[in-house]
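**Student:** What follows is a structure written as C-alpha cells; I'll ask about it next.
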Number of protein chains: 4
Amino acid sequence: MSVNTFGRLFRCTTWGESHGLAIGVTVDGCPPGIPLNEAMLQHWLDRRRPGQNRFMTQRRESDEVEILSGTFEGTTTGTPIQLLIRNQDQRSKDYTEIVEKFRPGHADFTYWRKYGIRDHRGGGRASARETASRVAAGGVAREVLKSLAPSIQVTGWLAQMGEIAINPDHFDSEEIERNPFWSPDGITAKDWAVLLERIRKSGDSIGAAIECVASGVPPGLGAPVYGKLDADLAAAMMSINAVKGVEIGVGMGAASLKGSENADEIVPGADGPNFKSNNAGGVLGGISTGQDIVVRFSVKPASSILIPRQTIDKSGAATNVATKGRHDPCVGIRAVPVAEAMMACVLADHLLLDRGQIGTTRELSC
Amino acid sequence: MSVNTFGRLFRCTTWGESHGLAIGVTVDGCPPGIPLNEAMLQHWLDRRRPGQNRFMTQRRESDEVEILSGTFEGTTTGTPIQLLIRNQDQRSKDYTEIVEKFRPGHADFTYWRKYGIRDHRGGGRASARETASRVAAGGVAREVLKSLAPSIQVTGWLAQMGEIAINPDHFDSEEIERNPFWSPDGITAKDWAVLLERIRKSGDSIGAAIECVASGVPPGLGAPVYGKLDADLAAAMMSINAVKGVEIGVGMGAASLKGSENADEIVPGADGPNFKSNNAGGVLGGISTGQDIVVRFSVKPASSILIPRQTIDKSGAATNVATKGRHDPCVGIRAVPVAEAMMACVLADHLLLDRGQIGTTRELSC
Amino acid sequence: MSVNTFGRLFRCTTWGESHGLAIGVTVDGCPPGIPLNEAMLQHWLDRRRPGQNRFMTQRRESDEVEILSGTFEGTTTGTPIQLLIRNQDQRSKDYTEIVEKFRPGHADFTYWRKYGIRDHRGGGRASARETASRVAAGGVAREVLKSLAPSIQVTGWLAQMGEIAINPDHFDSEEIERNPFWSPDGITAKDWAVLLERIRKSGDSIGAAIECVASGVPPGLGAPVYGKLDADLAAAMMSINAVKGVEIGVGMGAASLKGSENADEIVPGADGPNFKSNNAGGVLGGISTGQDIVVRFSVKPASSILIPRQTIDKSGAATNVATKGRHDPCVGIRAVPVAEAMMACVLADHLLLDRGQIGTTRELSC
Amino acid sequence: MSVNTFGRLFRCTTWGESHGLAIGVTVDGCPPGIPLNEAMLQHWLDRRRPGQNRFMTQRRESDEVEILSGTFEGTTTGTPIQLLIRNQDQRSKDYTEIVEKFRPGHADFTYWRKYGIRDHRGGGRASARETASRVAAGGVAREVLKSLAPSIQVTGWLAQMGEIAINPDHFDSEEIERNPFWSPDGITAKDWAVLLERIRKSGDSIGAAIECVASGVPPGLGAPVYGKLDADLAAAMMSINAVKGVEIGVGMGAASLKGSENADEIVPGADGPNFKSNNAGGVLGGISTGQDIVVRFSVKPASSILIPRQTIDKSGAATNVATKGRHDPCVGIRAVPVAEAMMACVLADHLLLDRGQIGTTRELSC
C-alpha cells in the first residue's frame with residue numbers, strides 16, 4: 001500500500017523533488033467521459049504559484065502542467081492520467097550551507113536518519129514544491145465533482161496569521177480572490193500585510209491557520225469505521241507540509257462543550273432536514289450530513305529563517321545554521337489552494353467509494 | 001482497500017455491532033515468534049471496561065477476549081490472529097425510542113442516509129463498543145513493540161474535561177492509574193468528580209481532551225508523503241468515536257508562533273542529539289525524530305442525553321428525542337485506553353513498514 | 001495490502017488454522033440491503049463438507065456457520081460480516097509424526113523456513129480447511145450477485161482425474177450434483193470411482209483438473225491493467241491449496257494457434273453481439289465480453305500419502321516420512337465448490353469496482 | 001487498491017497510451033541507497049525494443065528512458081522514482097480503419113463497453129507499448145535484487161512457437177542472447193524463422209509459450225494465503241497482454257500425476273537441503289523453497305492480422321476488419337523481457353514484504 005499515494009478509488013500518486021527535473025502526479029481511477037484539458041488545471045496552478053506577490057517565496061516557476069496520458073480528444077478515458085510539471089528555478093547554490101547541517105524544525109534530520117541519504121537541495125521530497133502536484137490532482141478532482149456532484153463548492157481561506165484572526169462579522173467570500181492572502185476579511189488582510197513585512201524584515205517566519213469549507217455535499221459520503229470522511233480529511237490535511245493540527249467543525253473546542261450545547265438540532269426544512277447549527281462540521285459518525293463540511297488546520301512557521309539557530313552537523317558536533325537567499329515568511333498562505341485541492345480529492349474519492357458499495361445515485365440537494 | 005481495516009503491514013480489521021452476538025478484530029501481519037496469550041490482552045480490556053466506576057456507563061460487559069487463531073503454544077505464528085469478545089449486556093429495550101427518530105449529534109441520521117438501513121440498537125457499528133476491538137488489537141501491538149522496540153512506552157491521560165484542564169505543574173504519571181479519570185493531576189481529578197456529578201444529574205454530557213505520549217520511539221518511523229507518521233496518527237485518532245480535532249505537538253497553537261520560537265533547536269547530547277524543546281511533537285516531515293511523540297485530541301460530549309432535543313423522524317416530521325436508561329456523561333474518559341491502543345498499533349505498523357523498505361535495525365536510543 | 005485478504009471492494013479476510021478453535025472470514029464492503037442468513041451460507045458449506053462420501057477425507061466436521069455481525073433483521077447493513085465456523089474433529093494425534101519432519105511437496109518446510117515456527121497439526125494455516133472460509137464468503141458473494149446481476153450463474157466441475165478426462169460430448173450439467181465427483185459426465189464418473197479406489201488402496205494420491213464457468217456476466221467487468229478480471233481470477237485460483245496452473249479460455253493451448261484460428265469472430269445477434277467461438281474465455285484486454293467466463297486449473301496430488309518418501313528432519317538429517325490415518329486420495333474433488341466460491345467473490349468485487357469508477361448500470365443481457 | 005499498480009511494498013504504477021505523448025511508470029517504495037542511473041535501465045529497454053529485427057513490429061522507438069525523480073547523485077533516495085519514455089513513432093493513420101470497428105480477439109470491444117470511450121489508436125492503454133514501462137520498472141527491481149539478494153538470477157526464453165517446442169536436450173542458456181527469438185535452442189530457432197516468415201507472408205499471426213526461471217532465490221518468500229508467491233506471479237504474468245494461461249513448475253500437468261510421482265523428495269546436501277526434482281517449480285504453500293522458481297505462460301496470437309475477419313461496428317451492423325500496415329506475426333517474442341521484468345518486480349516486492357513482517361536477513365544459499 002503505497003505511502004506516496006492517497007485515495008482509495010480516486011488515487012493520486014505524487015512524485016518529484018524540489019530540485020529534480022520535474023514533479024508530477026498520476027491520477028488513477030478517474031471516471032471516463034469527463035472533459036479535461038491543460039487549461040482547466042493551469043487555472044488552479046496559477047493561483048498557487050510562488051512569485052505571485054511579494055509576500056510569497058520569490059522562486060519563479062511557471063508551473064506549466066502537461067497531460068501526458070489518460071485523455072482522448074479532450075475527455076478522460078478512465079485510464080491513468082499523468083500530469084507533469086517541469087522544475088525551472090532550482091537555484092541549487094542557495095542550499096550548500098545545509099549539506100552538512102540540519103535545520104531545526106525541518107525534515108533534514110529525520111530524512112537523513114531514515115534513509116541514510118537525502119537530497120538536501122530545497123528540501124527534496126519534503127519540499128512544499130510537492131504541493132504543486134496536489135493542486136494539479138485537485139484540478140482533476142474538481143472536474144470529477146462537476147460531473148458527479150455539481151452542487152459541491154470548495155472554498156478555502158486564511159483564517160489567522162500569527163495572533164491575528166479574521167473577524168467573522170466582516171466575512172466576504174468575494175474578498176478572498178482580491179487580496180494576496182486569500183483573506184475573506186479585507187481589513188485583517190491589511191493588518192497581515194503590516195505583520196508580514198515586519199516578520200520578513202526581521203528574517204523570521206510566522207504561523208497561520210487555514211479554513212476550508214465544502215458546501216453542497218450530498219449526505220452519505222464516508223465509510224465507517226476506518227474510511228470515515230473526517231479521518232480521511234484529517235490525514236489529507238496533516239500530510240500537507242508543516243501542518244500540526246486539524247479540526248472538524250468546532251474542533252478542539254468540543255472538549256469544553258456540554259451535550260446540550262454541542263449537538264446540532266434538526267428541524268424540517270423545505271428541501272429536507274435543516275440543522276440549527278454546525279458544530280459537527282458536516283460529519284457525523286464519519287459520514288457527511290449534507291451540511292457544510294468545515295475543516296481547519298494550523299501551519300507552523302517555516303524552519304528556513306535568516307536568524308541563526310543552534311543545531312548539530314552530520315558528525316554530531318554543535319553548530320549554527322541560517323538560511324540564505326530565498327525565505328518564505330509565511331508558508332501558510334500558499335497552503336490555501338492546497339487545502340482546497342485535498343478537499344476536492346477526498347470528496348471525489350468518497351463519491352466513487354460510496355457509489356461502488358451502495359450504488360444509488362445520491363440526491364444532491366441537502 | 002478496506003474501510004474497516006487500519007494499518008498497512010500490521011493490519012487490524014474490526015467487526016461487530018453493539019448489540020450483535022459478538023465483536024472482534026482480525027490482526028493480520030503480526031511477526032511470528034512473539035509470546036501472546038489471552039491474559040496479556042485481557043489486562044488492557046479490563047482497564048477499559050464500562051462499569052469500572054460510577055462515572056462511566058453502567059453497561060456490564062466482562063469483555064472476555066478469546067484468541068481463536070494465529071498462535072501456537074503461546075507464540076504468534078505469523079498467520080492472522082482472530083480475537084473475539086462476546087457481547088453480554090445489550091439491553092435492547094432501552095433503544096426502542098430511536099427506531100424512528102434521529103438523535104442530534106449522533107450517526108443515526110447519516111447511517112440511515114448512506115445505507116438505507118441501520119441497526120438502531122445501541123448505535124450499531126457506530127457504537128463506542130467497537131473500541132473494545134481496538135483495545136484488544138492494541139494489546140497485540142504492545143507485544144510487538146516489546147519485541148521489536150522495547151524502549152517504547154505508550155501513556156495516555158485525560159488532559160481536560162469541560163473547561164477544566166489539568167495543571168502541568170502537578171503532573172504525576174503514577175497518579176494516572178489511581179483515579180477513575182486517568183488524570184495525572186490528583187487535584188483536578190477531584191474537581192472533575194464534582195463537575196461530572198453535576199452534569200450527570202442534569203442529564204447532560206460534557207466534552208474532554210485526551211493526550212497520549214509515546215516515548216523511546218526510534219527516529220526514522222513514518223513514510224513521506226502520504227504515510228507520514230503524524231498523518232496516520234491523525235487518522236487513527238479522528239476515527240475514534242466522537243473525536244473532532246487532533247493535534248501533534250504544539251498543534252493548533254503553531255498558527256500563533258514565529259519560526260524563531262517554534263523550531264526545536266538541537267544540541268549534542270551524551271547518547272545522540274538533544275532537542276531543547278518539542279513543539280514538533282516528535283515528528284518532522286512526517287518522520288519520528290526520537291523525541292516523545294505527543295498527540296492530543298478532543299472528544300465531543302455524547303449525543304445520548306436525557307434532555308429532550310429537537311429532531312425529525314424518518315418521515316421528516318418534527319419531533320423530540322431524549323435518551324432513557326443508560327447515559328454516559330463523559331465518553332472521553334473511556335477514550336484514554338483507546339488512544340493508547342491506536343498509538344501502539346500505528347507505531348507497530350510503522351516499525352514493520354520501515355524495516356520493510358529500509359531494512360536496517362533502528363537504534364533504539366534517542 | 002493484507003496478504004490474508006482478497007478483493008478490493010468486496011473484501012474477504014480469512015483466518016484460522018486447521019487445528020485451532022475455529023476458522024472464519026470477515027466479509028467487508030458488502031452492499032447493504034441484501035437478504036442474508038445462515039441457511040443460505042450453510043447450503044454451500046454442506047456441498048463442500050468432508051465426510052460427504054467415501055472418496056473424500058473422513059474428517060467429520062459439521063461446518064456450521066454463524067453470522068456474528070453485519071446483518072440486521074436478516075438483511076446486510078453494509079458493515080463487516082463476520083462468519084465463524086468452529087473446528088470439531090481435529091485428531092491431533094494423527095500428526096505427531098511430522099512435528100520434526102517435512103513432508104515432501106507440502107508447506108511444512110517452507111512455513112518453517114519463513115516463520116521459524118509452524119503449527120504442524122493438520123497443516124496449520126496451509127491446510128485445505130481454510131477453504132471452508134472461502135466457501136462461506138462465496139455464499140455471501142452469491143447473494144450479492146443475485147441482487148446486482150441476477151443473470152450470472154456460476155458452475156464448477158471436475159474435468160479430469162489423473163489421465164482420465166471427461167468426454168465433452170457427454171456433458172450434462174445436471175449430472176454434476178448427482179455423483180460424488182461433481183462430474184458432468186456420468187460415464188467418466190464411474191471410471192473415476194475405479195481409479196480412485198485403486199489409488200486409495202495403494203496409499204497414493206492423484207491429481208485433478210477443475211473447470212469453472214460463469215455465464216450471464218455483463219460485459220465491462222475488469223480493470224486494466226493490473227485489475228484485469230483474468231489476472232484476478234488467476235490469482236484467486238492459484239491461491240487455492242495445491243493449484244499449479246490456471247487457464248482462461250483456450251489457455252496454454254493458445255501457444256499453438258494462429259491468429260486466424262484464435263480470434264473469436266463477432267456477428268450481430270438478436271440481443272447484442274454474438275461471438276462465433278470462445279477461445280478468449282470471456283475476457284479480452286482484461287475485461288469481460290459478455291461471453292461465458294471459462295477458467296480451468298490443475299490441482300496437484302496431495303503430499304500426505306501412506307507411501308514412505310525421502311525427506312530430512314529439522315536438524316537436516318535424512319529420514320523417511322509417511323502419513324498415517326486420514327489420507328485424501330484426491331483433494332481436487334473438494335476444490336470444485338472452492339473454485340465456484342472464488343469465481344463468485346471475484347465477480348462480486350468487480351461489479352462493485354466497476355460501478356465505483358464508471359457508475360452506470362450494466363446491461364445484464366449479453 | 002489501484003488497478004494500475006502492482007506490488008505491495010515495491011509498487012509500480014504504469015501510465016500512458018500507445019499514441020499519447022509518453023508512457024512511464026512510478027516506482028514507489030524502492031529502498032534507499034541503491035545505485036541507479038539511466039544506462040542501467042536503458043540496457044533492458046534496448047533488449048525489448050521493437051524494430052530490433054525483422055521478426056518484430058517495425059515501429060521505430062528509441063525507448064529512451066529518463067529518470068525524473070527518486071535518485072540523488074546516482075543513488076536511490078527512497079522516494080518515488082518516476083521513469084518517462086517519450087513516444088515517437090505513433091503513425092496514427094494506420095488505425096483509422098478501426099475507429100468504428102472492433103477487431104475480434106482485441107480489447108476494442110471491451111474497452112468501449114466498459115468506458116464508453118476508447119483511444120482507438122494503436123490499442124490505447126491496452127497496447128503492448130505499456131510493457132515498455134514494465135521493463136523499465138523491472139530494471140529498477142533488478143538493482144534492488146542485486147543489493148538485497150545478489151544470488152538471484154532471472155532468465156526468460158521462448159519455449160514454444162506454434163506447435164514447435166524447444167528440445168530440452170539442446171538447452172544452452174548462452175544461445176538465448178544470440179538469436180532473435182530468445183531461444184535457448186539454436187536449432188529450433190532456425191525452424192521458428194522459417195515458420196514465422198511463412199506466417200508473416202500469409203498475413204496471419206502465431207502464438208507462443210514463454211518460460212522464465214529465477215534461480216538463487218532464498219527460501220521463505222511469499223505470504224500465505226493471498227500473498228502467495230505463485231499467486232502473485234500468476235497475476236503478474238496473466239496481466240501481460242495476450243496471456244491466456246500460467247503454470248508453476250509442472251503446471252497443468254499436475255492433474256495427471258500421482259502423489260508418489262509429484263512430490264519432490266528431499267535429501268541432505270552440502271549447503272542445505274537438496275530436492276531430487278522440481279515439480280513444485282520452487283514454491284510450496286505459496287512460499288519459495290530455495291529451488292528454481294519456474295513459471296511458464298502462453299501468449300495468444302495477435303488479433304491484428306491482415307486477413308479479414310467477421311465483426312460488427314459500433315452500430316451493431318455486420319462488417320469485416322483487417323489490419324493494414326504494421327503487423328506483428330508473433331507478439332510472444334517480445335514478451336520474454338517482459339516476463340523477466342515481472343519476475344524481478346514480484347521478487348523484489350516479496351523480499352521487502354518478507355523482511356517487513358519477519359525482519360531476519362534471509363540466508364541466500366539454498
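Residues are named by chain letter and number: chains run A, B, ... in the order of the C-alpha cells, numbers start at 1 in each chain, and ligands are numbered from 1 in the order shown.
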What lies within 7 Å of region 194-204 of chain C using only C-alpha atoms, ignoring chain neighbours under 5 positions off, as a PyMOL selection string?

**Tutor:** (chain C and resi 305-307+329) or (chain D and resi 258-260)

**Student:** Please produce an output containing N, CA, C and O atoms for each residue in the selection, written as a tab-separated table (two decimals), in the first residue's frame.

**Tutor:**
chain	number	residue	atom	x	y	z
C	305	ILE	N	0.63	-38.86	1.78
C	305	ILE	CA	0.30	-40.21	1.31
C	305	ILE	C	0.92	-41.24	2.26
C	305	ILE	O	1.79	-40.90	3.06
C	306	LEU	N	0.44	-42.48	2.13
C	306	LEU	CA	0.89	-43.52	3.06
C	306	LEU	C	2.21	-44.15	2.61
C	306	LEU	O	2.81	-44.91	3.35
C	307	ILE	N	2.61	-43.82	1.42
C	307	ILE	CA	3.87	-44.40	0.90
C	307	ILE	C	5.04	-43.60	1.46
C	307	ILE	O	5.05	-42.36	1.36
C	329	PRO	N	-7.16	-39.24	-1.10
C	329	PRO	CA	-6.55	-39.68	-2.36
C	329	PRO	C	-6.70	-38.66	-3.49
C	329	PRO	O	-5.88	-38.65	-4.42
D	258	LYS	N	0.54	-38.82	-9.97
D	258	LYS	CA	0.24	-39.40	-8.66
D	258	LYS	C	1.13	-38.71	-7.63
D	258	LYS	O	2.18	-38.17	-7.95
D	259	GLY	N	0.69	-38.77	-6.38
D	259	GLY	CA	1.46	-38.17	-5.29
D	259	GLY	C	2.87	-38.73	-5.20
D	259	GLY	O	3.83	-38.00	-4.97
D	260	SER	N	2.99	-40.05	-5.43
D	260	SER	CA	4.30	-40.68	-5.35
D	260	SER	C	5.22	-40.19	-6.46
D	260	SER	O	6.44	-40.29	-6.37

**Student:** Mind checking which residues fall within 10 Å of Pro301 (chain A), counting only C-alpha atoms, ignoring those fewer than 4 positions away in the same chain, and posting them as a PyMOL selection string?

**Tutor:** (chain A and resi 105+161-162+204-208+242-243+305+328-332) or (chain B and resi 254-263)

**Student:** How would the residues just picked look written out with N, CA, C and O atoms as an mmCIF file, in the first residue's frame?

**Tutor:**
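Saved as out_4.cif:
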data_model
loop_
_atom_site.group_PDB
_atom_site.id
_atom_site.type_symbol
_atom_site.label_atom_id
_atom_site.label_comp_id
_atom_site.auth_asym_id
_atom_site.auth_seq_id
_atom_site.Cartn_x
_atom_site.Cartn_y
_atom_site.Cartn_z
ATOM 1 N N GLY A 105 13.562 22.083 13.107
ATOM 2 C CA GLY A 105 12.170 22.194 12.677
ATOM 3 C C GLY A 105 11.935 21.690 11.268
ATOM 4 O O GLY A 105 10.801 21.615 10.800
ATOM 5 N N MET A 161 -3.250 34.607 10.988
ATOM 6 C CA MET A 161 -1.809 34.696 10.773
ATOM 7 C C MET A 161 -1.208 35.194 12.067
ATOM 8 O O MET A 161 -1.603 36.263 12.568
ATOM 9 N N GLY A 162 -0.268 34.423 12.624
ATOM 10 C CA GLY A 162 0.252 34.792 13.946
ATOM 11 C C GLY A 162 -0.915 34.872 14.912
ATOM 12 O O GLY A 162 -1.768 33.977 14.946
ATOM 13 N N ASP A 204 12.536 36.443 10.169
ATOM 14 C CA ASP A 204 11.804 35.393 10.876
ATOM 15 C C ASP A 204 10.650 34.876 10.003
ATOM 16 O O ASP A 204 10.510 35.260 8.835
ATOM 17 N N SER A 205 9.830 33.997 10.576
ATOM 18 C CA SER A 205 8.653 33.486 9.867
ATOM 19 C C SER A 205 7.501 33.423 10.861
ATOM 20 O O SER A 205 7.704 33.545 12.071
ATOM 21 N N ILE A 206 6.287 33.206 10.334
ATOM 22 C CA ILE A 206 5.100 33.212 11.196
ATOM 23 C C ILE A 206 4.135 32.112 10.781
ATOM 24 O O ILE A 206 4.061 31.740 9.593
ATOM 25 N N GLY A 207 3.407 31.592 11.763
ATOM 26 C CA GLY A 207 2.458 30.527 11.503
ATOM 27 C C GLY A 207 1.128 31.055 11.006
ATOM 28 O O GLY A 207 0.914 32.269 10.926
ATOM 29 N N ALA A 208 0.241 30.115 10.686
ATOM 30 C CA ALA A 208 -1.068 30.502 10.163
ATOM 31 C C ALA A 208 -2.097 29.402 10.404
ATOM 32 O O ALA A 208 -1.741 28.269 10.739
ATOM 33 N N ALA A 242 4.150 21.003 7.054
ATOM 34 C CA ALA A 242 4.094 21.975 8.150
ATOM 35 C C ALA A 242 2.785 22.025 8.922
ATOM 36 O O ALA A 242 2.607 22.893 9.767
ATOM 37 N N VAL A 243 1.886 21.103 8.654
ATOM 38 C CA VAL A 243 0.622 21.113 9.400
ATOM 39 C C VAL A 243 0.817 20.420 10.739
ATOM 40 O O VAL A 243 1.452 19.373 10.814
ATOM 41 N N ILE A 305 14.698 30.121 8.206
ATOM 42 C CA ILE A 305 14.704 31.553 8.522
ATOM 43 C C ILE A 305 16.135 32.081 8.522
ATOM 44 O O ILE A 305 17.083 31.295 8.562
ATOM 45 N N ASP A 328 10.682 32.232 2.947
ATOM 46 C CA ASP A 328 9.235 32.418 2.886
ATOM 47 C C ASP A 328 8.726 32.759 4.287
ATOM 48 O O ASP A 328 8.726 31.895 5.170
ATOM 49 N N PRO A 329 8.333 34.017 4.547
ATOM 50 C CA PRO A 329 7.936 34.394 5.910
ATOM 51 C C PRO A 329 6.643 33.747 6.381
ATOM 52 O O PRO A 329 6.431 33.591 7.579
ATOM 53 N N CYS A 330 5.763 33.349 5.450
ATOM 54 C CA CYS A 330 4.535 32.679 5.885
ATOM 55 C C CYS A 330 4.115 31.643 4.850
ATOM 56 O O CYS A 330 3.413 31.957 3.885
ATOM 57 N N VAL A 331 4.554 30.407 5.082
ATOM 58 C CA VAL A 331 4.225 29.344 4.126
ATOM 59 C C VAL A 331 2.739 29.007 4.151
ATOM 60 O O VAL A 331 2.203 28.402 3.238
ATOM 61 N N GLY A 332 2.067 29.401 5.216
ATOM 62 C CA GLY A 332 0.650 29.086 5.355
ATOM 63 C C GLY A 332 -0.206 29.658 4.246
ATOM 64 O O GLY A 332 -1.217 29.081 3.859
ATOM 65 N N ALA B 254 0.423 26.298 16.752
ATOM 66 C CA ALA B 254 1.514 26.638 15.835
ATOM 67 C C ALA B 254 1.184 27.872 15.006
ATOM 68 O O ALA B 254 2.077 28.599 14.567
ATOM 69 N N ALA B 255 -0.110 28.113 14.825
ATOM 70 C CA ALA B 255 -0.517 29.248 13.990
ATOM 71 C C ALA B 255 -0.029 30.573 14.564
ATOM 72 O O ALA B 255 0.260 31.513 13.835
ATOM 73 N N SER B 256 0.078 30.631 15.877
ATOM 74 C CA SER B 256 0.440 31.895 16.539
ATOM 75 C C SER B 256 1.935 32.083 16.718
ATOM 76 O O SER B 256 2.365 33.152 17.164
ATOM 77 N N LEU B 257 2.735 31.082 16.404
ATOM 78 C CA LEU B 257 4.161 31.162 16.706
ATOM 79 C C LEU B 257 4.996 31.736 15.573
ATOM 80 O O LEU B 257 4.613 31.682 14.411
ATOM 81 N N LYS B 258 6.158 32.265 15.962
ATOM 82 C CA LYS B 258 7.149 32.672 14.982
ATOM 83 C C LYS B 258 8.138 31.521 14.805
ATOM 84 O O LYS B 258 8.297 30.680 15.685
ATOM 85 N N GLY B 259 8.818 31.534 13.685
ATOM 86 C CA GLY B 259 9.793 30.490 13.406
ATOM 87 C C GLY B 259 10.883 30.423 14.457
ATOM 88 O O GLY B 259 11.310 29.340 14.864
ATOM 89 N N SER B 260 11.310 31.602 14.933
ATOM 90 C CA SER B 260 12.366 31.630 15.944
ATOM 91 C C SER B 260 11.887 31.033 17.263
ATOM 92 O O SER B 260 12.689 30.620 18.095
ATOM 93 N N GLU B 261 10.566 30.993 17.455
ATOM 94 C CA GLU B 261 10.004 30.415 18.682
ATOM 95 C C GLU B 261 9.719 28.934 18.515
ATOM 96 O O GLU B 261 9.862 28.153 19.450
ATOM 97 N N ASN B 262 9.319 28.556 17.326
ATOM 98 C CA ASN B 262 8.747 27.232 17.136
ATOM 99 C C ASN B 262 9.779 26.121 16.934
ATOM 100 O O ASN B 262 9.649 25.057 17.529
ATOM 101 N N ALA B 263 10.776 26.391 16.082
ATOM 102 C CA ALA B 263 11.683 25.304 15.720
ATOM 103 C C ALA B 263 12.445 24.820 16.944
ATOM 104 O O ALA B 263 12.958 25.628 17.724
#

**Student:** Can you work out which one of C:Met252, C:Leu353, C:Ile240, C:Ile333 has the shortest atom-to-atom distance to chain B, counting only C-alpha atoms?

**Tutor:**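 Looking at the shortest contact to chain B, the residue is C:Leu353.
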
**Student:** For chain D against chain B, which residues fall within 10 Å using only C-alpha atoms, given as a VMD selection string?

**Tutor:** chain D and resid 1 to 2 8 to 10 29 to 33 78 to 80 148 223 to 225 349 to 361

**Student:** For CA of Ile187 (chain A) and CA of Cys212 (chain A), quote the distance in Å rounded to one decimal.

**Tutor:**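 The value is 20.1 Å.
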
**Student:** Using only C-alpha atoms, which protein or nucleic acid residues come within 6 Å of region 229-236 of chain C? Drop anything in the same chain fewer than 2 positions from it, and give the result as a PDB file with all heavy atoms, in the first residue's frame.

**Tutor:**
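Ended up saving to out.pdb:
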ATOM      1  N   GLY C 222     -13.830  -5.742 -14.989  1.00  0.00           N
ATOM      2  CA  GLY C 222     -12.387  -5.918 -15.067  1.00  0.00           C
ATOM      3  C   GLY C 222     -11.762  -4.558 -15.236  1.00  0.00           C
ATOM      4  O   GLY C 222     -12.369  -3.657 -15.830  1.00  0.00           O
ATOM      5  N   MET C 238      -5.034 -19.682  -8.198  1.00  0.00           N
ATOM      6  CA  MET C 238      -3.678 -20.112  -7.832  1.00  0.00           C
ATOM      7  C   MET C 238      -3.507 -20.096  -6.310  1.00  0.00           C
ATOM      8  O   MET C 238      -2.687 -20.808  -5.760  1.00  0.00           O
ATOM      9  CB  MET C 238      -2.633 -19.219  -8.497  1.00  0.00           C
ATOM     10  CG  MET C 238      -1.201 -19.728  -8.412  1.00  0.00           C
ATOM     11  SD  MET C 238      -0.889 -21.264  -9.345  1.00  0.00           S
ATOM     12  CE  MET C 238      -0.550 -20.603 -11.001  1.00  0.00           C
ATOM     13  N   SER C 239      -4.294 -19.273  -5.624  1.00  0.00           N
ATOM     14  CA  SER C 239      -4.156 -19.198  -4.169  1.00  0.00           C
ATOM     15  C   SER C 239      -4.806 -20.377  -3.466  1.00  0.00           C
ATOM     16  O   SER C 239      -4.596 -20.587  -2.267  1.00  0.00           O
ATOM     17  CB  SER C 239      -4.773 -17.900  -3.638  1.00  0.00           C
ATOM     18  OG  SER C 239      -6.183 -17.994  -3.611  1.00  0.00           O
ATOM     19  N   VAL C 246      -3.193 -22.276 -14.112  1.00  0.00           N
ATOM     20  CA  VAL C 246      -4.517 -21.686 -14.339  1.00  0.00           C
ATOM     21  C   VAL C 246      -4.632 -21.295 -15.811  1.00  0.00           C
ATOM     22  O   VAL C 246      -3.690 -20.764 -16.387  1.00  0.00           O
ATOM     23  CB  VAL C 246      -4.743 -20.422 -13.476  1.00  0.00           C
ATOM     24  CG1 VAL C 246      -6.172 -19.914 -13.656  1.00  0.00           C
ATOM     25  CG2 VAL C 246      -4.479 -20.712 -12.009  1.00  0.00           C
ATOM     26  N   GLY C 286      -8.527  -7.980 -20.464  1.00  0.00           N
ATOM     27  CA  GLY C 286      -8.767  -7.981 -19.030  1.00  0.00           C
ATOM     28  C   GLY C 286     -10.184  -7.621 -18.641  1.00  0.00           C
ATOM     29  O   GLY C 286     -10.503  -7.506 -17.462  1.00  0.00           O
ATOM     30  N   ILE C 287     -11.061  -7.447 -19.628  1.00  0.00           N
ATOM     31  CA  ILE C 287     -12.436  -7.035 -19.364  1.00  0.00           C
ATOM     32  C   ILE C 287     -13.388  -8.095 -19.924  1.00  0.00           C
ATOM     33  O   ILE C 287     -13.146  -8.668 -20.983  1.00  0.00           O
ATOM     34  CB  ILE C 287     -12.712  -5.680 -20.039  1.00  0.00           C
ATOM     35  CG1 ILE C 287     -11.744  -4.610 -19.497  1.00  0.00           C
ATOM     36  CG2 ILE C 287     -14.151  -5.237 -19.833  1.00  0.00           C
ATOM     37  CD1 ILE C 287     -11.817  -3.294 -20.254  1.00  0.00           C
TER      38      ILE C 287
ATOM     39  N   ALA D 231       0.728 -17.139  -6.570  1.00  0.00           N
ATOM     40  CA  ALA D 231      -0.473 -16.392  -6.953  1.00  0.00           C
ATOM     41  C   ALA D 231      -0.088 -15.012  -7.495  1.00  0.00           C
ATOM     42  O   ALA D 231      -0.647 -14.549  -8.489  1.00  0.00           O
ATOM     43  CB  ALA D 231      -1.413 -16.248  -5.761  1.00  0.00           C
ATOM     44  N   ALA D 234       1.322 -15.549 -10.905  1.00  0.00           N
ATOM     45  CA  ALA D 234       0.250 -15.842 -11.854  1.00  0.00           C
ATOM     46  C   ALA D 234      -0.444 -14.552 -12.285  1.00  0.00           C
ATOM     47  O   ALA D 234      -0.686 -14.325 -13.468  1.00  0.00           O
ATOM     48  CB  ALA D 234      -0.760 -16.810 -11.233  1.00  0.00           C
ATOM     49  N   ALA D 235      -0.765 -13.709 -11.320  1.00  0.00           N
ATOM     50  CA  ALA D 235      -1.423 -12.449 -11.650  1.00  0.00           C
ATOM     51  C   ALA D 235      -0.514 -11.564 -12.502  1.00  0.00           C
ATOM     52  O   ALA D 235      -0.960 -10.936 -13.462  1.00  0.00           O
ATOM     53  CB  ALA D 235      -1.823 -11.715 -10.373  1.00  0.00           C
ATOM     54  N   MET D 238      -0.333 -13.089 -16.033  1.00  0.00           N
ATOM     55  CA  MET D 238      -1.647 -13.022 -16.684  1.00  0.00           C
ATOM     56  C   MET D 238      -1.989 -11.586 -17.072  1.00  0.00           C
ATOM     57  O   MET D 238      -2.756 -11.355 -17.979  1.00  0.00           O
ATOM     58  CB  MET D 238      -2.717 -13.592 -15.755  1.00  0.00           C
ATOM     59  CG  MET D 238      -4.063 -13.831 -16.418  1.00  0.00           C
ATOM     60  SD  MET D 238      -4.079 -15.123 -17.698  1.00  0.00           S
ATOM     61  CE  MET D 238      -4.331 -16.608 -16.685  1.00  0.00           C
ATOM     62  N   SER D 239      -1.392 -10.621 -16.370  1.00  0.00           N
ATOM     63  CA  SER D 239      -1.698  -9.224 -16.682  1.00  0.00           C
ATOM     64  C   SER D 239      -0.978  -8.739 -17.933  1.00  0.00           C
ATOM     65  O   SER D 239      -1.298  -7.665 -18.449  1.00  0.00           O
ATOM     66  CB  SER D 239      -1.321  -8.315 -15.505  1.00  0.00           C
ATOM     67  OG  SER D 239       0.087  -8.108 -15.457  1.00  0.00           O
TER      68      SER D 239
END
